[in-house]
file final-v9.tsv (TSV, C-alpha atoms)
chain	number	residue	atom	x	y	z
A	28	MET	CA	0.11	-16.71	-15.90
A	29	THR	CA	-2.49	-19.47	-15.86
A	30	GLU	CA	-3.40	-20.61	-19.35
A	31	PRO	CA	-7.12	-20.44	-20.15
A	32	THR	CA	-8.95	-23.68	-20.88
A	33	PRO	CA	-10.76	-23.92	-24.21
A	34	GLY	CA	-14.35	-22.72	-24.14
A	35	PRO	CA	-16.44	-19.56	-24.43
A	36	ARG	CA	-14.52	-16.47	-23.44
A	37	PRO	CA	-16.20	-14.37	-20.72
A	38	ARG	CA	-17.55	-11.04	-21.86
A	39	ALA	CA	-15.51	-8.40	-20.07
A	40	ALA	CA	-14.92	-4.67	-19.94
A	41	LEU	CA	-12.32	-2.32	-18.47
A	42	ALA	CA	-13.67	0.05	-15.80
A	43	MET	CA	-11.14	2.71	-14.80
A	44	SER	CA	-9.92	6.07	-16.04
A	45	HIS	CA	-8.55	6.15	-19.57
A	46	ASP	CA	-5.18	7.37	-18.28
A	47	VAL	CA	-4.97	4.47	-15.83
A	48	ALA	CA	-5.88	1.97	-18.52
A	49	SER	CA	-3.08	3.29	-20.74
A	50	ALA	CA	-0.53	3.28	-17.89
A	51	VAL	CA	-1.28	-0.03	-16.16
A	52	LEU	CA	-2.27	-2.10	-19.19
A	53	ASP	CA	0.40	-1.72	-21.85
A	54	PRO	CA	-0.35	-3.00	-25.38
A	55	GLU	CA	1.03	-6.47	-24.60
A	56	SER	CA	-1.15	-6.75	-21.48
A	57	ARG	CA	-4.21	-5.50	-23.36
A	58	ALA	CA	-3.62	-8.08	-26.08
A	59	ALA	CA	-3.27	-10.84	-23.48
A	60	LEU	CA	-6.50	-9.76	-21.80
A	61	ASP	CA	-8.25	-9.63	-25.15
A	62	ALA	CA	-7.15	-13.22	-25.78
A	63	LEU	CA	-8.65	-14.31	-22.47
A	64	CYS	CA	-11.94	-12.42	-22.81
A	65	ASP	CA	-14.36	-10.98	-25.26
A	66	LEU	CA	-13.19	-7.53	-24.23
A	67	ALA	CA	-15.29	-4.46	-24.97
A	68	PRO	CA	-13.25	-1.91	-26.93
A	69	THR	CA	-14.44	0.98	-24.74
A	70	VAL	CA	-12.88	1.83	-21.37
A	71	LEU	CA	-15.68	2.67	-18.94
A	72	GLU	CA	-14.94	5.59	-16.65
A	73	ASP	CA	-18.55	6.83	-16.39
A	74	PHE	CA	-21.29	4.25	-15.92
A	75	THR	CA	-24.13	6.71	-16.56
A	76	THR	CA	-23.74	7.22	-20.31
A	77	PRO	CA	-25.89	5.32	-22.83
A	78	ALA	CA	-22.75	3.83	-24.37
A	79	ALA	CA	-21.59	2.53	-20.99
A	80	ARG	CA	-25.03	1.08	-20.23
A	81	ALA	CA	-25.00	-0.74	-23.54
A	82	VAL	CA	-21.64	-2.32	-22.66
A	83	LEU	CA	-22.67	-3.22	-19.12
A	84	ALA	CA	-25.82	-4.99	-20.27
A	85	ASP	CA	-24.06	-8.24	-21.20
A	86	ARG	CA	-20.73	-8.11	-19.31
A	87	GLU	CA	-19.89	-10.96	-16.93
A	88	LEU	CA	-16.57	-9.55	-15.73
A	89	LEU	CA	-15.20	-6.08	-15.02
A	90	VAL	CA	-11.46	-5.46	-14.87
A	91	THR	CA	-11.26	-2.36	-12.70
A	92	GLY	CA	-8.56	0.12	-11.78
A	93	TRP	CA	-7.97	3.51	-10.23
A	94	GLY	CA	-10.79	5.83	-11.26
A	95	CYS	CA	-13.50	3.17	-11.44
A	96	PRO	CA	-16.85	4.67	-10.33
A	97	PRO	CA	-18.81	2.93	-7.55
A	98	LEU	CA	-20.60	-0.26	-8.53
A	99	ASP	CA	-23.82	0.63	-6.75
A	100	ASP	CA	-27.38	-0.72	-7.07
A	101	ASP	CA	-28.11	1.40	-10.12
A	102	VAL	CA	-25.02	0.21	-11.97
A	103	LEU	CA	-25.66	-3.43	-11.06
A	104	ARG	CA	-29.22	-3.18	-12.38
A	105	ALA	CA	-27.65	-2.12	-15.69
A	106	ALA	CA	-25.25	-5.10	-15.50
A	107	PRO	CA	-27.53	-8.08	-14.78
A	108	ARG	CA	-24.95	-10.67	-15.91
A	109	LEU	CA	-22.02	-9.30	-13.89
A	110	ARG	CA	-20.45	-12.07	-11.81
A	111	ALA	CA	-16.89	-10.95	-11.05
A	112	VAL	CA	-14.61	-7.96	-10.56
A	113	VAL	CA	-10.84	-8.16	-10.97
A	114	HIS	CA	-9.10	-5.06	-9.61
A	115	THR	CA	-5.71	-4.07	-11.03
A	116	ALA	CA	-4.72	-2.19	-7.87
A	117	GLY	CA	-5.01	-2.64	-4.10
A	118	SER	CA	-8.00	-1.36	-2.18
A	119	VAL	CA	-11.47	-2.05	-3.59
A	120	ARG	CA	-13.20	0.23	-1.09
A	121	GLY	CA	-13.71	3.01	-3.60
A	122	HIS	CA	-15.84	1.04	-6.03
A	123	VAL	CA	-16.98	-2.31	-4.63
A	124	THR	CA	-20.15	-1.54	-2.66
A	125	ASP	CA	-22.49	-3.54	-0.44
A	126	ALA	CA	-24.65	-4.07	-3.52
A	127	CYS	CA	-21.84	-6.13	-5.07
A	128	TRP	CA	-21.57	-8.39	-2.04
A	129	ASP	CA	-25.35	-8.70	-1.84
A	130	ARG	CA	-25.42	-9.77	-5.50
A	131	GLY	CA	-22.72	-12.38	-4.83
A	132	VAL	CA	-20.21	-10.79	-7.20
A	133	GLU	CA	-16.78	-12.39	-6.80
A	134	VAL	CA	-13.97	-9.89	-6.20
A	135	SER	CA	-10.21	-10.15	-6.67
A	136	SER	CA	-7.53	-7.54	-6.00
A	137	ALA	CA	-3.89	-7.07	-6.95
A	138	ALA	CA	-3.16	-5.81	-3.42
A	139	ALA	CA	-0.50	-8.49	-2.90
A	140	ALA	CA	1.31	-7.32	-6.04
A	141	ASN	CA	1.06	-3.68	-5.02
A	142	ALA	CA	2.46	-4.55	-1.59
A	143	VAL	CA	5.81	-5.49	-3.12
A	144	PRO	CA	7.12	-2.02	-4.06
A	145	VAL	CA	5.68	-0.46	-0.89
A	146	ALA	CA	7.60	-2.97	1.20
A	147	GLU	CA	10.76	-2.41	-0.86
A	148	TYR	CA	10.48	1.36	-0.34
A	149	THR	CA	9.96	0.81	3.39
A	150	LEU	CA	13.00	-1.44	3.71
A	151	ALA	CA	15.12	1.09	1.85
A	152	MET	CA	14.00	3.93	4.10
A	153	ILE	CA	14.53	1.95	7.28
A	154	LEU	CA	18.11	1.15	6.27
A	155	LEU	CA	18.89	4.62	4.89
A	156	THR	CA	17.60	6.43	7.95
A	157	GLY	CA	19.38	4.00	10.27
A	158	LYS	CA	22.62	4.91	8.55
A	159	ARG	CA	21.60	8.62	8.49
A	160	VAL	CA	22.42	8.71	4.80
A	161	LEU	CA	20.35	11.78	3.94
A	162	GLU	CA	21.78	13.90	6.74
A	163	SER	CA	25.32	12.79	5.96
A	164	ALA	CA	24.89	13.54	2.25
A	165	ARG	CA	23.53	17.01	3.06
A	166	ALA	CA	26.44	17.76	5.43
A	167	TYR	CA	28.98	16.38	2.94
A	168	ARG	CA	27.60	18.59	0.17
A	169	ALA	CA	27.84	21.64	2.43
A	170	ALA	CA	31.33	20.95	3.82
A	171	ARG	CA	32.92	19.48	0.65
A	172	THR	CA	35.22	17.48	2.94
A	173	ARG	CA	34.89	14.25	4.86
A	174	ALA	CA	34.20	14.37	8.59
A	175	ASP	CA	36.18	12.25	11.05
A	176	TRP	CA	34.42	8.92	10.61
A	177	LEU	CA	35.99	7.48	13.78
A	178	HIS	CA	33.84	9.89	15.78
A	179	THR	CA	30.57	8.66	14.28
A	180	PRO	CA	27.98	8.44	17.08
A	181	ARG	CA	27.00	4.92	18.10
A	182	THR	CA	23.40	5.80	17.35
A	183	VAL	CA	24.29	5.62	13.64
A	184	GLY	CA	24.02	2.26	11.88
A	185	ASN	CA	21.68	-0.67	11.48
A	186	HIS	CA	23.28	-3.28	13.72
A	187	ARG	CA	20.74	-4.45	16.31
A	188	ARG	CA	18.44	-1.49	15.79
A	189	THR	CA	14.86	-2.07	16.88
A	190	VAL	CA	12.21	-1.73	14.20
A	191	GLY	CA	8.55	-1.60	15.12
A	192	ILE	CA	5.91	-2.65	12.59
A	193	LEU	CA	2.43	-1.25	13.14
A	194	SER	CA	-0.03	-3.77	11.64
A	195	ALA	CA	0.57	-7.17	10.10
A	196	SER	CA	-1.19	-6.18	6.91
A	197	LEU	CA	-0.17	-7.54	3.51
A	198	ILE	CA	2.47	-4.81	3.33
A	199	GLY	CA	3.46	-5.12	6.98
A	200	ARG	CA	4.06	-8.85	6.58
A	201	ARG	CA	6.06	-8.26	3.40
A	202	VAL	CA	8.23	-5.72	5.24
A	203	ILE	CA	8.82	-8.26	8.01
A	204	ASP	CA	9.97	-10.77	5.38
A	205	LEU	CA	12.38	-8.25	3.84
A	206	LEU	CA	13.80	-7.28	7.24
A	207	ARG	CA	14.60	-10.89	8.14
A	208	PRO	CA	18.13	-11.07	6.59
A	209	HIS	CA	19.24	-7.95	8.47
A	210	ASP	CA	20.64	-7.69	12.01
A	211	LEU	CA	17.54	-5.98	13.39
A	212	ASP	CA	15.20	-6.67	16.29
A	213	VAL	CA	11.65	-6.51	14.94
A	214	LEU	CA	8.61	-5.76	17.09
A	215	LEU	CA	5.00	-5.96	15.94
A	216	HIS	CA	1.78	-4.45	17.17
A	217	ASP	CA	-1.39	-5.87	15.70
A	218	PRO	CA	-4.37	-6.61	17.95
A	219	TYR	CA	-5.32	-9.55	15.72
A	220	VAL	CA	-1.93	-11.30	15.93
A	221	ASP	CA	-1.22	-13.40	19.00
A	222	ASP	CA	2.17	-14.38	20.40
A	223	ALA	CA	2.21	-17.72	18.56
A	224	GLU	CA	1.59	-16.15	15.16
A	225	ALA	CA	4.12	-13.42	15.90
A	226	ALA	CA	6.69	-16.10	16.67
A	227	ARG	CA	5.93	-17.77	13.33
A	228	LEU	CA	6.55	-14.40	11.67
A	229	GLY	CA	9.86	-14.10	13.52
A	230	VAL	CA	8.88	-10.99	15.48
A	231	ARG	CA	7.88	-10.15	19.06
A	232	ALA	CA	4.33	-9.00	19.67
A	233	VAL	CA	4.07	-5.91	21.89
A	234	GLY	CA	1.46	-3.38	22.92
A	235	LEU	CA	0.99	-0.16	21.00
A	236	THR	CA	2.62	2.02	23.66
A	237	GLU	CA	5.57	-0.37	23.97
A	238	LEU	CA	6.07	-0.40	20.19
A	239	PHE	CA	6.60	3.35	20.08
A	240	ARG	CA	8.62	3.52	23.29
A	241	LEU	CA	11.11	0.77	22.38
A	242	SER	CA	11.60	1.20	18.63
A	243	ASP	CA	14.36	3.12	16.88
A	244	THR	CA	12.15	3.10	13.79
A	245	VAL	CA	8.38	2.68	13.62
A	246	SER	CA	6.86	1.80	10.25
A	247	VAL	CA	3.11	2.35	9.87
A	248	HIS	CA	1.12	-0.15	7.78
A	249	THR	CA	-2.35	0.02	9.29
A	250	PRO	CA	-5.30	0.74	6.98
A	251	LEU	CA	-7.26	3.96	7.46
A	252	LEU	CA	-10.51	2.95	9.17
A	253	PRO	CA	-12.75	4.97	11.49
A	254	GLU	CA	-11.05	3.36	14.48
A	255	THR	CA	-7.49	3.96	13.16
A	256	ARG	CA	-7.89	7.64	12.25
A	257	GLY	CA	-5.40	9.49	14.45
A	258	LEU	CA	-4.22	6.19	15.94
A	259	VAL	CA	-0.61	7.43	16.07
A	260	SER	CA	-1.39	10.06	18.66
A	261	ARG	CA	0.54	12.94	20.17
A	262	GLU	CA	1.16	10.78	23.23
A	263	LEU	CA	2.66	7.95	21.17
A	264	ILE	CA	4.81	10.33	19.12
A	265	GLY	CA	5.96	11.99	22.33
A	266	SER	CA	7.03	8.62	23.74
A	267	MET	CA	9.42	7.86	20.87
A	268	ARG	CA	13.15	7.77	21.55
A	269	PRO	CA	15.09	10.96	20.71
A	270	GLY	CA	16.21	10.69	17.08
A	271	ALA	CA	13.81	7.82	16.33
A	272	VAL	CA	12.27	7.58	12.89
A	273	LEU	CA	8.60	7.36	11.93
A	274	VAL	CA	7.96	5.92	8.43
A	275	ASN	CA	4.44	6.20	7.01
A	276	THR	CA	3.43	4.55	3.75
A	277	ALA	CA	-0.15	3.86	4.84
A	278	ARG	CA	-2.44	6.92	5.00
A	279	GLY	CA	-1.65	10.37	6.33
A	280	ALA	CA	-4.71	10.53	8.56
A	281	VAL	CA	-3.51	7.55	10.61
A	282	LEU	CA	-1.09	10.01	12.25
A	283	ASP	CA	-1.70	13.08	14.36
A	284	GLN	CA	0.10	15.22	11.79
A	285	ASP	CA	0.22	18.33	13.99
A	286	ALA	CA	1.94	16.33	16.72
A	287	LEU	CA	4.39	14.87	14.22
A	288	THR	CA	5.13	18.34	12.84
A	289	ASP	CA	5.86	19.70	16.32
A	290	ALA	CA	8.16	16.81	17.18
A	291	ALA	CA	10.05	16.98	13.87
A	292	LEU	CA	10.47	20.77	13.98
A	293	ALA	CA	11.84	20.45	17.50
A	294	GLY	CA	14.39	17.90	16.22
A	295	ARG	CA	13.09	15.24	18.61
A	296	ILE	CA	12.28	12.66	15.93
A	297	ARG	CA	12.78	12.11	12.25
A	298	ALA	CA	10.18	11.04	9.70
A	299	VAL	CA	9.78	9.63	6.20
A	300	LEU	CA	6.32	10.44	4.90
A	301	ASP	CA	5.13	9.05	1.59
A	302	VAL	CA	1.59	10.06	2.53
A	303	THR	CA	0.21	13.12	4.29
A	304	ASP	CA	-3.17	14.61	5.14
A	305	PRO	CA	-4.08	16.23	2.81
A	306	GLU	CA	-2.38	14.17	0.11
A	307	VAL	CA	-0.35	17.22	-0.96
A	308	LEU	CA	0.45	19.58	1.90
A	309	PRO	CA	-0.21	23.32	1.48
A	310	PRO	CA	2.83	25.11	0.01
A	311	ASP	CA	3.52	26.93	3.28
A	312	HIS	CA	3.35	23.84	5.51
A	313	PRO	CA	6.46	23.69	7.73
A	314	LEU	CA	7.16	20.03	6.93
A	315	TRP	CA	8.30	20.98	3.42
A	316	ASP	CA	11.40	22.71	4.80
A	317	CYS	CA	12.03	20.55	7.86
A	318	ASP	CA	15.49	18.97	7.74
A	319	HIS	CA	14.29	16.07	9.86
A	320	VAL	CA	11.56	15.00	7.44
A	321	LEU	CA	11.71	13.39	4.01
A	322	LEU	CA	8.52	13.92	2.02
A	323	THR	CA	7.90	11.79	-1.07
A	324	PRO	CA	4.89	12.11	-3.40
A	325	HIS	CA	3.02	8.85	-2.65
A	326	LEU	CA	5.48	6.94	-4.81
A	327	ALA	CA	5.97	3.82	-2.69
A	328	GLY	CA	3.15	1.99	-4.48
A	329	SER	CA	3.39	0.62	-8.00
A	330	GLN	CA	4.76	3.02	-10.60
A	331	GLY	CA	6.50	2.76	-13.96
A	332	ASN	CA	7.61	-0.78	-14.75
A	333	GLU	CA	5.97	-1.98	-11.52
A	334	TRP	CA	2.56	-1.54	-13.17
A	335	ARG	CA	3.34	-4.64	-15.18
A	336	ARG	CA	3.22	-6.70	-11.96
A	337	LEU	CA	-0.32	-5.42	-11.35
A	338	ALA	CA	-1.34	-6.24	-14.91
A	339	ASP	CA	0.18	-9.74	-14.76
A	340	THR	CA	-1.61	-10.44	-11.49
A	341	ALA	CA	-4.94	-9.32	-12.93
A	342	LEU	CA	-4.39	-11.38	-16.07
A	343	SER	CA	-3.66	-14.47	-14.01
A	344	GLU	CA	-6.80	-13.93	-11.96
A	345	VAL	CA	-8.94	-13.49	-15.07
A	346	ALA	CA	-7.50	-16.70	-16.53
A	347	ARG	CA	-8.20	-18.63	-13.32
A	348	TRP	CA	-11.77	-17.34	-13.13
A	349	ALA	CA	-12.45	-18.02	-16.81
A	350	SER	CA	-11.25	-21.62	-16.38
A	351	GLY	CA	-13.36	-22.16	-13.25
A	352	GLU	CA	-10.41	-22.39	-10.85
A	353	GLY	CA	-11.45	-19.46	-8.69
A	354	PHE	CA	-9.36	-16.50	-7.62
A	355	LEU	CA	-5.96	-16.84	-5.99
A	356	HIS	CA	-6.36	-13.40	-4.40
A	357	PRO	CA	-10.04	-13.13	-3.47
A	358	VAL	CA	-11.42	-10.24	-1.42
A	359	ARG	CA	-13.90	-11.48	1.17
A	360	ARG	CA	-16.71	-9.31	2.48
A	361	GLU	CA	-16.04	-10.40	6.06
A	362	ARG	CA	-12.39	-9.30	5.78
A	363	LEU	CA	-13.09	-5.92	4.23
A	364	ALA	CA	-13.08	-4.14	7.61
A	365	PHE	CA	-9.43	-5.14	8.06
A	366	LEU	CA	-8.20	-4.11	4.61
A	367	ALA	CA	-6.93	-0.79	3.34

call {"tool": "encode", "arguments": {"input": "final-v9.tsv", "output": "structure tokens"}}
result
Amino acid sequence: MTEPTPGPRPRAALAMSHDVASAVLDPESRAALDALCDLAPTVLEDFTTPAARAVLADRELLVTGWGCPPLDDDVLRAAPRLRAVVHTAGSVRGHVTDACWDRGVEVSSAAAANAVPVAEYTLAMILLTGKRVLESARAYRAARTRADWLHTPRTVGNHRRTVGILSASLIGRRVIDLLRPHDLDVLLHDPYVDDAEAARLGVRAVGLTELFRLSDTVSVHTPLLPETRGLVSRELIGSMRPGAVLVNTARGAVLDQDALTDAALAGRIRAVLDVTDPEVLPPDHPLWDCDHVLLTPHLAGSQGNEWRRLADTALSEVARWASGEGFLHPVRRERLAFLA
């Protein structure tokens, strides 16, 4: 972490839910933040109370997290000295408003830190599903004896499998990095990445239809925007190879979930879904009991000891800003349309 330079400490406050503050900022991290800033003792999770307004009145910096209310015009009028927001998670869409950009508030996010465990989860699922580990474990438990391994189908394994990455986002690029040591052919679809940049990434740029048609595994990393809602359509899902795998760690609404359900129930494709739409499926949804689908409870992002990476990133950003260096991980208004 960058060491602060001597001088007045910026007046700061935490703006997130109390539970998030306790989880993401352990006592050591809180103490380090307190050493960097004149930190208000109160965690702000409601900007409308008199106590919150009193804190906001002289704060220059907000360290935000999950559960932070929107920083709209009304809140900014109550925080006339606010100059920067450091977010301890990924997306700032939920709380950084146009009013912040209009004011010229500087914004930083720990999205790069949060991308690490998502990419690790994705790599693990790509390799596990390529080896058909979950199906083999289930069959082994049922049979209590080993099958004839010399008759393993040649569709099993990770040698020269084709993996398609949908979107060269922070997470998508991290997944590409993690795939590099493995004997896989990696395709990429991202309308903002040309052939030259794809070559620098070590992948081959293809069209959206080609990505789904050629890949043994497709991993979705596109942000949920109006134009990406339902992007993974019934037609694209229908074009996937028999037995292909669809991994989604982005947002559930990027997929046509009904089409995915039909294809998985028919045994045409397999899926690993860390996100669904809604976030928790109804108890009677058929995906819960589908043998071809692994559902996980949105756990790919930072959890447990991984929260410390978020805290360390935020601390480093606060130290840089306090010393006048500027953010290492700034969020730019003009790039917001491309971010999760």

call {"tool": "closest_residue", "arguments": {"input": "final-v9.tsv", "among": "A:Ala271, A:Ala140, A:Ala223, A:Thr244", "to": "Ala116 in chain A", "atoms": "all atoms listed in the file"}}
result
A:Ala140

call {"tool": "residues_around", "arguments": {"input": "final-v9.tsv", "residues": "range 338-345 of chain A", "least_positions_apart": "4", "cutoff": "8 Å", "atoms": "all atoms listed in the file", "output": "number ranges by chain"}}
result
A: 28-29, 51-52, 56, 59-60, 63, 90, 113-115, 135-137, 140, 334, 349, 353-356

call {"tool": "residues_around", "arguments": {"input": "final-v9.tsv", "residues": "Gly92 in chain A", "least_positions_apart": "3", "cutoff": "12 Å", "atoms": "only C-alpha atoms", "output": "ChimeraX atom specification"}}
result
/A:40-52,70-72,89,95-97,112-123,135-138,334,337-338,341

call {"tool": "closest_residue", "arguments": {"input": "final-v9.tsv", "among": "A:Leu98, A:Leu314, A:Ala286, A:Cys64", "to": "Asp125 in chain A", "atoms": "all atoms listed in the file"}}
result
A:Leu98

call {"tool": "residues_around", "arguments": {"input": "final-v9.tsv", "residues": "Leu308 in chain A", "least_positions_apart": "6", "cutoff": "12 Å", "atoms": "only C-alpha atoms", "output": "list of chain:residue names"}}
result
A:Gly279, A:Gln284, A:Thr288, A:Leu300, A:Asp301, A:Val302, A:Leu314, A:Trp315, A:Asp316, A:Leu322, A:Thr323, A:Pro324, A:His325

call {"tool": "atom_distance", "arguments": {"input": "final-v9.tsv", "atom1": "CA of Ile264 in chain A", "atom2": "CA of Phe239 in chain A"}}
result
7.3 Å

call {"tool": "residues_near_point", "arguments": {"input": "final-v9.tsv", "point": "(-19.7, -10.5, -5.2)", "cutoff": "10 Å", "atoms": "only C-alpha atoms", "output": "list in words"}}
result
Leu109, Arg110, Ala111, Val112, Val123, Thr124, Asp125, Ala126, Cys127, Trp128, Asp129, Arg130, Gly131, Val132, Glu133, Val134, Ser135, Val358, Arg359 and Arg360 of chain A

call {"tool": "decode", "arguments": {"input": "final-v9.tsv", "residues": "range 243-252 of chain A", "atoms": "all heavy atoms", "output": "compact mmCIF listing (two decimals), in the first residue's frame"}}
result
# COMPACT_ATOMS: atom_id res chain seq x y z
N ASP A 243 -16.47 -25.20 -27.27
CA ASP A 243 -16.90 -26.27 -26.37
C ASP A 243 -17.42 -25.69 -25.06
O ASP A 243 -18.28 -26.29 -24.42
CB ASP A 243 -15.72 -27.21 -26.08
CG ASP A 243 -15.22 -27.89 -27.33
OD1 ASP A 243 -16.00 -28.64 -27.95
OD2 ASP A 243 -14.05 -27.66 -27.69
N THR A 244 -16.86 -24.56 -24.66
CA THR A 244 -17.31 -23.84 -23.48
C THR A 244 -17.39 -22.36 -23.83
O THR A 244 -16.46 -21.82 -24.42
CB THR A 244 -16.33 -24.02 -22.30
OG1 THR A 244 -16.21 -25.40 -21.99
CG2 THR A 244 -16.82 -23.27 -21.06
N VAL A 245 -18.49 -21.73 -23.45
CA VAL A 245 -18.64 -20.28 -23.60
C VAL A 245 -18.75 -19.69 -22.20
O VAL A 245 -19.59 -20.12 -21.40
CB VAL A 245 -19.87 -19.90 -24.43
CG1 VAL A 245 -20.04 -18.37 -24.45
CG2 VAL A 245 -19.76 -20.43 -25.85
N SER A 246 -17.91 -18.70 -21.91
CA SER A 246 -17.93 -18.03 -20.62
C SER A 246 -18.36 -16.58 -20.81
O SER A 246 -17.75 -15.84 -21.58
CB SER A 246 -16.55 -18.09 -19.96
OG SER A 246 -16.61 -17.65 -18.62
N VAL A 247 -19.42 -16.19 -20.10
CA VAL A 247 -20.06 -14.89 -20.30
C VAL A 247 -19.51 -13.88 -19.30
O VAL A 247 -19.56 -14.10 -18.08
CB VAL A 247 -21.58 -15.00 -20.14
CG1 VAL A 247 -22.25 -13.63 -20.33
CG2 VAL A 247 -22.15 -16.01 -21.14
N HIS A 248 -18.98 -12.76 -19.82
CA HIS A 248 -18.41 -11.72 -18.97
C HIS A 248 -18.86 -10.32 -19.39
O HIS A 248 -18.22 -9.34 -19.01
CB HIS A 248 -16.88 -11.81 -19.00
CG HIS A 248 -16.37 -13.13 -18.54
ND1 HIS A 248 -16.44 -13.53 -17.22
CD2 HIS A 248 -15.85 -14.18 -19.22
CE1 HIS A 248 -15.95 -14.76 -17.12
NE2 HIS A 248 -15.60 -15.17 -18.31
N THR A 249 -19.95 -10.24 -20.12
CA THR A 249 -20.43 -8.94 -20.56
C THR A 249 -21.26 -8.28 -19.47
O THR A 249 -22.00 -8.96 -18.74
CB THR A 249 -21.27 -9.08 -21.85
OG1 THR A 249 -21.60 -7.80 -22.34
CG2 THR A 249 -22.54 -9.85 -21.60
N PRO A 250 -21.14 -6.97 -19.29
CA PRO A 250 -21.98 -6.29 -18.29
C PRO A 250 -23.43 -6.27 -18.74
O PRO A 250 -23.74 -6.38 -19.93
CB PRO A 250 -21.39 -4.87 -18.25
CG PRO A 250 -20.73 -4.69 -19.57
CD PRO A 250 -20.22 -6.04 -19.98
N LEU A 251 -24.33 -6.14 -17.78
CA LEU A 251 -25.76 -6.03 -18.09
C LEU A 251 -26.07 -4.57 -18.39
O LEU A 251 -26.07 -3.71 -17.50
CB LEU A 251 -26.62 -6.53 -16.93
CG LEU A 251 -28.13 -6.43 -17.16
CD1 LEU A 251 -28.55 -7.25 -18.38
CD2 LEU A 251 -28.90 -6.90 -15.92
N LEU A 252 -26.33 -4.29 -19.66
CA LEU A 252 -26.70 -2.97 -20.15
C LEU A 252 -27.99 -3.14 -20.94
O LEU A 252 -28.37 -4.27 -21.29
CB LEU A 252 -25.59 -2.41 -21.04
CG LEU A 252 -24.18 -2.37 -20.45
CD1 LEU A 252 -23.16 -2.06 -21.53
CD2 LEU A 252 -24.12 -1.34 -19.32
